[in-house]
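Engineer: Got a structure for you, questions after.
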Amino acid sequence: MRLDKYLAQAGMGTRSEVKKLIRQGRVLFNETPADRPERKVTENDRVFVDGKQVVWEQYEYFMLNKPAGVVSATKDAKDRTVVDLIKCPHSRELFPVGRLDKDTEGLSLLTNDGALAHRLLSPGKHVEKTYFVRVTGVLTEQDILFFQNGIDIGDSTLTKPAVLSRIEKGQRAAATGETVCTELFITITEGRYHQIKRMFAAVGKKVLYLKRVSIGGLQLDQGLKPGEYRRLTEQEKADLCKGNF
Ligand code: URA
C-alpha cells in the first residue's frame, strides 16, 4: 500500500494532510525520514509520525450511541445515517451491524469486518441484545409469561424466549400524555423487524422509548452522549472477534 494511503487509513488525516506531514519530515519510514508519499509500505516496514509508531489495521470497529432521527444505513437520500456520524475521514466502508429503528437510540456497532457482522447477526448464534424500554401501562404476570414462552407477532413462528428484568412499574410519562408507564430491560436473541415494538404491541403496550444497551458482551459506554462514538478497545475487539458473546 502507498505510504500516504497507509497513513490516512491509520487515522493520521486526509491524503493531503498526510502528504504535508511527509513534506514536513515528520514521518519516518523504518529509520529514515520518508521522502515520497507513493512509497510502498509492506508488512515488514515500520512507520512513525512524530516519533510514534503508526499501525494500520485492516478492520475498524466503532461503538456509536445512536441518537433518534438517524437511520441505520450506509447511505440515505433523505436522512442522516449512522455512518455519516463517524467523522474520521479515513474510515473505510463502514456499515452498521444490524439495524435499529430510526427512533431507537443506543448501541450501534459499525465496522468493515463482514465476517464479524455475519457471526453477530447469524440467527444460529443467538447473540443476546439487551434494550432499555419504556412502555405504556403496567406489565402483568401473564405478560411476563408470554415473553418467556414466545409471542405470536404475526410471523410464521413464535418469538424466541425473551428475558425481562429490572421492571419498574408506575412511572409517569407526562410528556406523552400517558398516566402510567413501565420501564424495564429486555433481552432478545433474534433481530426481527420492529421486534420489540411488535412484542409489546401483542400484549397491548406501546413502546414509548427504546435504547439498545448491549450486544453480546459489548456494553454501550455510558460516557457516550447520543451522537458520540469511540473506537472499541483492544479488549472489546478481542472479545467480539473470539466470539465471547
Ligand atoms: N426492536 C424494535 O422494535 N426496534 C428496534 O430498533 C430494535 C428492536
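Chain labels A, B, ... are given in the sequence in which chains occur in the C-alpha cells; within each chain residues are numbered consecutively from 1, and ligands are likewise numbered from 1 in the order shown.
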Counting only C-alpha atoms and all ligand atoms, name the residues that have an atom within 7 Å of an atom of ligand 1; the answer should be given as a list in words.

Structural biologist: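 Counting only what the definition allows, namely only C-alpha atoms and all ligand atoms, the set is Arg99, Leu100, Asp101, Thr104, Gly191, Tyr193, His194, Gln195, Ile196, Lys197 and Arg198 of chain A.
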
Engineer: Excluding A:Arg119 and residues on its chain fewer than 5 positions from it, collect all residues at most 12 Å away from it, counting only C-alpha atoms, and give them as a list in words.

Structural biologist: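 Returned residues: Val97, Gly98, Asp113, Gly114, Gly124, Lys125, His126, Val127, Gly216, Leu240, Cys241, Lys242, Gly243, Asn244 and Phe245 of chain A.
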
Engineer: For each of A:Arg2, A:Arg80, A:Lys66, A:Arg46, take the minimum atom-to-atom distance to A:Glu105, counting only C-alpha atoms, then give the residue where this is smallest.

Structural biologist: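 Closest candidate: A:Lys66.
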
Engineer: For a quick check of understanding, using only C-alpha atoms, which of A:Lys87, A:Arg192, A:Lys19, A:Arg36 has the smallest distance to A:Pro123?

Structural biologist: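 Residue with the minimum atom-to-atom distance to A:Pro123: A:Arg192.
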
Engineer: Mind checking which residues fall within 7 Å of A:Leu94, counting only C-alpha atoms, ignoring those fewer than 6 positions away in the same chain, and posting them as number ranges by chain?

Structural biologist: A: 83, 110-112

Engineer: Take the selection from the previous step and output its residues with all heavy atoms, as a PDB file, in the first residue's frame.

Structural biologist:
ATOM      1  N   VAL A  83     -23.511   5.981   9.637  1.00  0.00           N
ATOM      2  CA  VAL A  83     -22.168   6.095   9.051  1.00  0.00           C
ATOM      3  C   VAL A  83     -21.785   7.569   8.886  1.00  0.00           C
ATOM      4  O   VAL A  83     -20.631   7.943   9.103  1.00  0.00           O
ATOM      5  CB  VAL A  83     -22.096   5.326   7.705  1.00  0.00           C
ATOM      6  CG1 VAL A  83     -20.772   5.580   6.997  1.00  0.00           C
ATOM      7  CG2 VAL A  83     -22.292   3.830   7.945  1.00  0.00           C
ATOM      8  N   LEU A 110     -20.347  -0.257  14.397  1.00  0.00           N
ATOM      9  CA  LEU A 110     -20.023  -0.021  12.985  1.00  0.00           C
ATOM     10  C   LEU A 110     -18.649  -0.601  12.691  1.00  0.00           C
ATOM     11  O   LEU A 110     -17.717  -0.413  13.482  1.00  0.00           O
ATOM     12  CB  LEU A 110     -20.019   1.478  12.683  1.00  0.00           C
ATOM     13  CG  LEU A 110     -21.413   2.058  12.771  1.00  0.00           C
ATOM     14  CD1 LEU A 110     -21.547   3.009  13.920  1.00  0.00           C
ATOM     15  CD2 LEU A 110     -21.768   2.752  11.487  1.00  0.00           C
ATOM     16  N   THR A 111     -18.544  -1.289  11.591  1.00  0.00           N
ATOM     17  CA  THR A 111     -17.286  -1.949  11.251  1.00  0.00           C
ATOM     18  C   THR A 111     -17.188  -2.126   9.738  1.00  0.00           C
ATOM     19  O   THR A 111     -18.164  -1.889   9.016  1.00  0.00           O
ATOM     20  CB  THR A 111     -17.201  -3.324  11.963  1.00  0.00           C
ATOM     21  OG1 THR A 111     -15.924  -3.898  11.707  1.00  0.00           O
ATOM     22  CG2 THR A 111     -18.264  -4.281  11.493  1.00  0.00           C
ATOM     23  N   ASN A 112     -16.014  -2.543   9.284  1.00  0.00           N
ATOM     24  CA  ASN A 112     -15.875  -3.010   7.901  1.00  0.00           C
ATOM     25  C   ASN A 112     -15.529  -4.505   7.907  1.00  0.00           C
ATOM     26  O   ASN A 112     -15.075  -5.033   6.903  1.00  0.00           O
ATOM     27  CB  ASN A 112     -14.798  -2.199   7.160  1.00  0.00           C
ATOM     28  CG  ASN A 112     -13.455  -2.248   7.874  1.00  0.00           C
ATOM     29  OD1 ASN A 112     -13.371  -2.632   9.039  1.00  0.00           O
ATOM     30  ND2 ASN A 112     -12.403  -1.854   7.196  1.00  0.00           N
TER      31      ASN A 112
END

Engineer: Using DSSP assignments from the backbone, pull out every residue in stretch 9-241 of chain A that falls under helix (DSSP H, G or I) and give it to me as JSON, numbers by chain.

Structural biologist: {"A": [9, 15, 16, 17, 18, 19, 20, 21, 22, 23, 114, 115, 116, 117, 118, 119, 120, 121, 123, 124, 125, 141, 142, 143, 144, 145, 146, 147, 148, 149, 174, 175, 176, 195, 196, 197, 198, 199, 200, 201, 202, 234, 235, 236, 237, 238, 239, 240, 241]}

Engineer: Generate the output file for the selected residues, C-alpha atoms, as a PDB file, in the first residue's frame.

Structural biologist:
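Okay, this is what ended up in part.pdb:
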ATOM      1  CA  GLN A   9      -6.246   4.840   6.695  1.00  0.00           C
ATOM      2  CA  ARG A  15      -4.480  12.214   1.951  1.00  0.00           C
ATOM      3  CA  SER A  16      -3.437  15.856   1.570  1.00  0.00           C
ATOM      4  CA  GLU A  17      -2.849  16.244   5.318  1.00  0.00           C
ATOM      5  CA  VAL A  18      -0.576  13.215   5.462  1.00  0.00           C
ATOM      6  CA  LYS A  19       1.317  14.370   2.358  1.00  0.00           C
ATOM      7  CA  LYS A  20       2.023  17.562   4.265  1.00  0.00           C
ATOM      8  CA  LEU A  21       3.318  15.528   7.236  1.00  0.00           C
ATOM      9  CA  ILE A  22       5.693  13.754   4.851  1.00  0.00           C
ATOM     10  CA  ARG A  23       6.893  17.068   3.344  1.00  0.00           C
ATOM     11  CA  GLY A 114     -18.032  -8.546   7.276  1.00  0.00           C
ATOM     12  CA  ALA A 115     -17.157 -11.868   8.913  1.00  0.00           C
ATOM     13  CA  LEU A 116     -17.745 -10.487  12.411  1.00  0.00           C
ATOM     14  CA  ALA A 117     -21.036  -8.911  11.348  1.00  0.00           C
ATOM     15  CA  HIS A 118     -22.121 -12.226   9.879  1.00  0.00           C
ATOM     16  CA  ARG A 119     -21.335 -14.063  13.136  1.00  0.00           C
ATOM     17  CA  LEU A 120     -23.138 -11.489  15.276  1.00  0.00           C
ATOM     18  CA  LEU A 121     -26.230 -11.473  13.067  1.00  0.00           C
ATOM     19  CA  PRO A 123     -29.709 -16.497  13.771  1.00  0.00           C
ATOM     20  CA  GLY A 124     -27.971 -19.717  14.836  1.00  0.00           C
ATOM     21  CA  LYS A 125     -25.617 -17.850  17.195  1.00  0.00           C
ATOM     22  CA  GLU A 141     -47.559 -11.613  35.375  1.00  0.00           C
ATOM     23  CA  GLN A 142     -49.352 -13.012  32.318  1.00  0.00           C
ATOM     24  CA  ASP A 143     -47.491 -10.593  30.013  1.00  0.00           C
ATOM     25  CA  ILE A 144     -44.170 -11.621  31.534  1.00  0.00           C
ATOM     26  CA  LEU A 145     -45.016 -15.276  30.926  1.00  0.00           C
ATOM     27  CA  PHE A 146     -45.828 -14.515  27.292  1.00  0.00           C
ATOM     28  CA  PHE A 147     -42.390 -13.006  26.807  1.00  0.00           C
ATOM     29  CA  GLN A 148     -40.778 -16.049  28.431  1.00  0.00           C
ATOM     30  CA  ASN A 149     -42.732 -18.529  26.333  1.00  0.00           C
ATOM     31  CA  ALA A 174     -46.219  13.148  31.369  1.00  0.00           C
ATOM     32  CA  ALA A 175     -44.806  14.344  28.038  1.00  0.00           C
ATOM     33  CA  THR A 176     -46.680  11.674  26.121  1.00  0.00           C
ATOM     34  CA  GLN A 195     -39.374  -6.987  17.070  1.00  0.00           C
ATOM     35  CA  ILE A 196     -39.618  -5.328  20.470  1.00  0.00           C
ATOM     36  CA  LYS A 197     -42.351  -2.918  19.426  1.00  0.00           C
ATOM     37  CA  ARG A 198     -44.332  -5.798  17.967  1.00  0.00           C
ATOM     38  CA  MET A 199     -43.829  -7.971  21.070  1.00  0.00           C
ATOM     39  CA  PHE A 200     -45.157  -5.261  23.357  1.00  0.00           C
ATOM     40  CA  ALA A 201     -47.965  -4.447  20.925  1.00  0.00           C
ATOM     41  CA  ALA A 202     -49.004  -8.104  21.179  1.00  0.00           C
ATOM     42  CA  GLU A 234      -8.385  -3.908  22.252  1.00  0.00           C
ATOM     43  CA  GLN A 235     -10.184  -6.000  24.898  1.00  0.00           C
ATOM     44  CA  GLU A 236     -13.628  -5.325  23.392  1.00  0.00           C
ATOM     45  CA  LYS A 237     -12.340  -6.214  19.920  1.00  0.00           C
ATOM     46  CA  ALA A 238     -10.674  -9.379  21.181  1.00  0.00           C
ATOM     47  CA  ASP A 239     -13.856 -10.476  22.992  1.00  0.00           C
ATOM     48  CA  LEU A 240     -16.054  -9.865  19.950  1.00  0.00           C
ATOM     49  CA  CYS A 241     -13.653 -11.453  17.485  1.00  0.00           C
TER      50      CYS A 241
END

Engineer: Ranking A:Val49, A:Leu208, A:Leu139, A:Val82 by minimum distance to A:Val70 and counting only C-alpha atoms, which one comes first?

Structural biologist: A:Val82
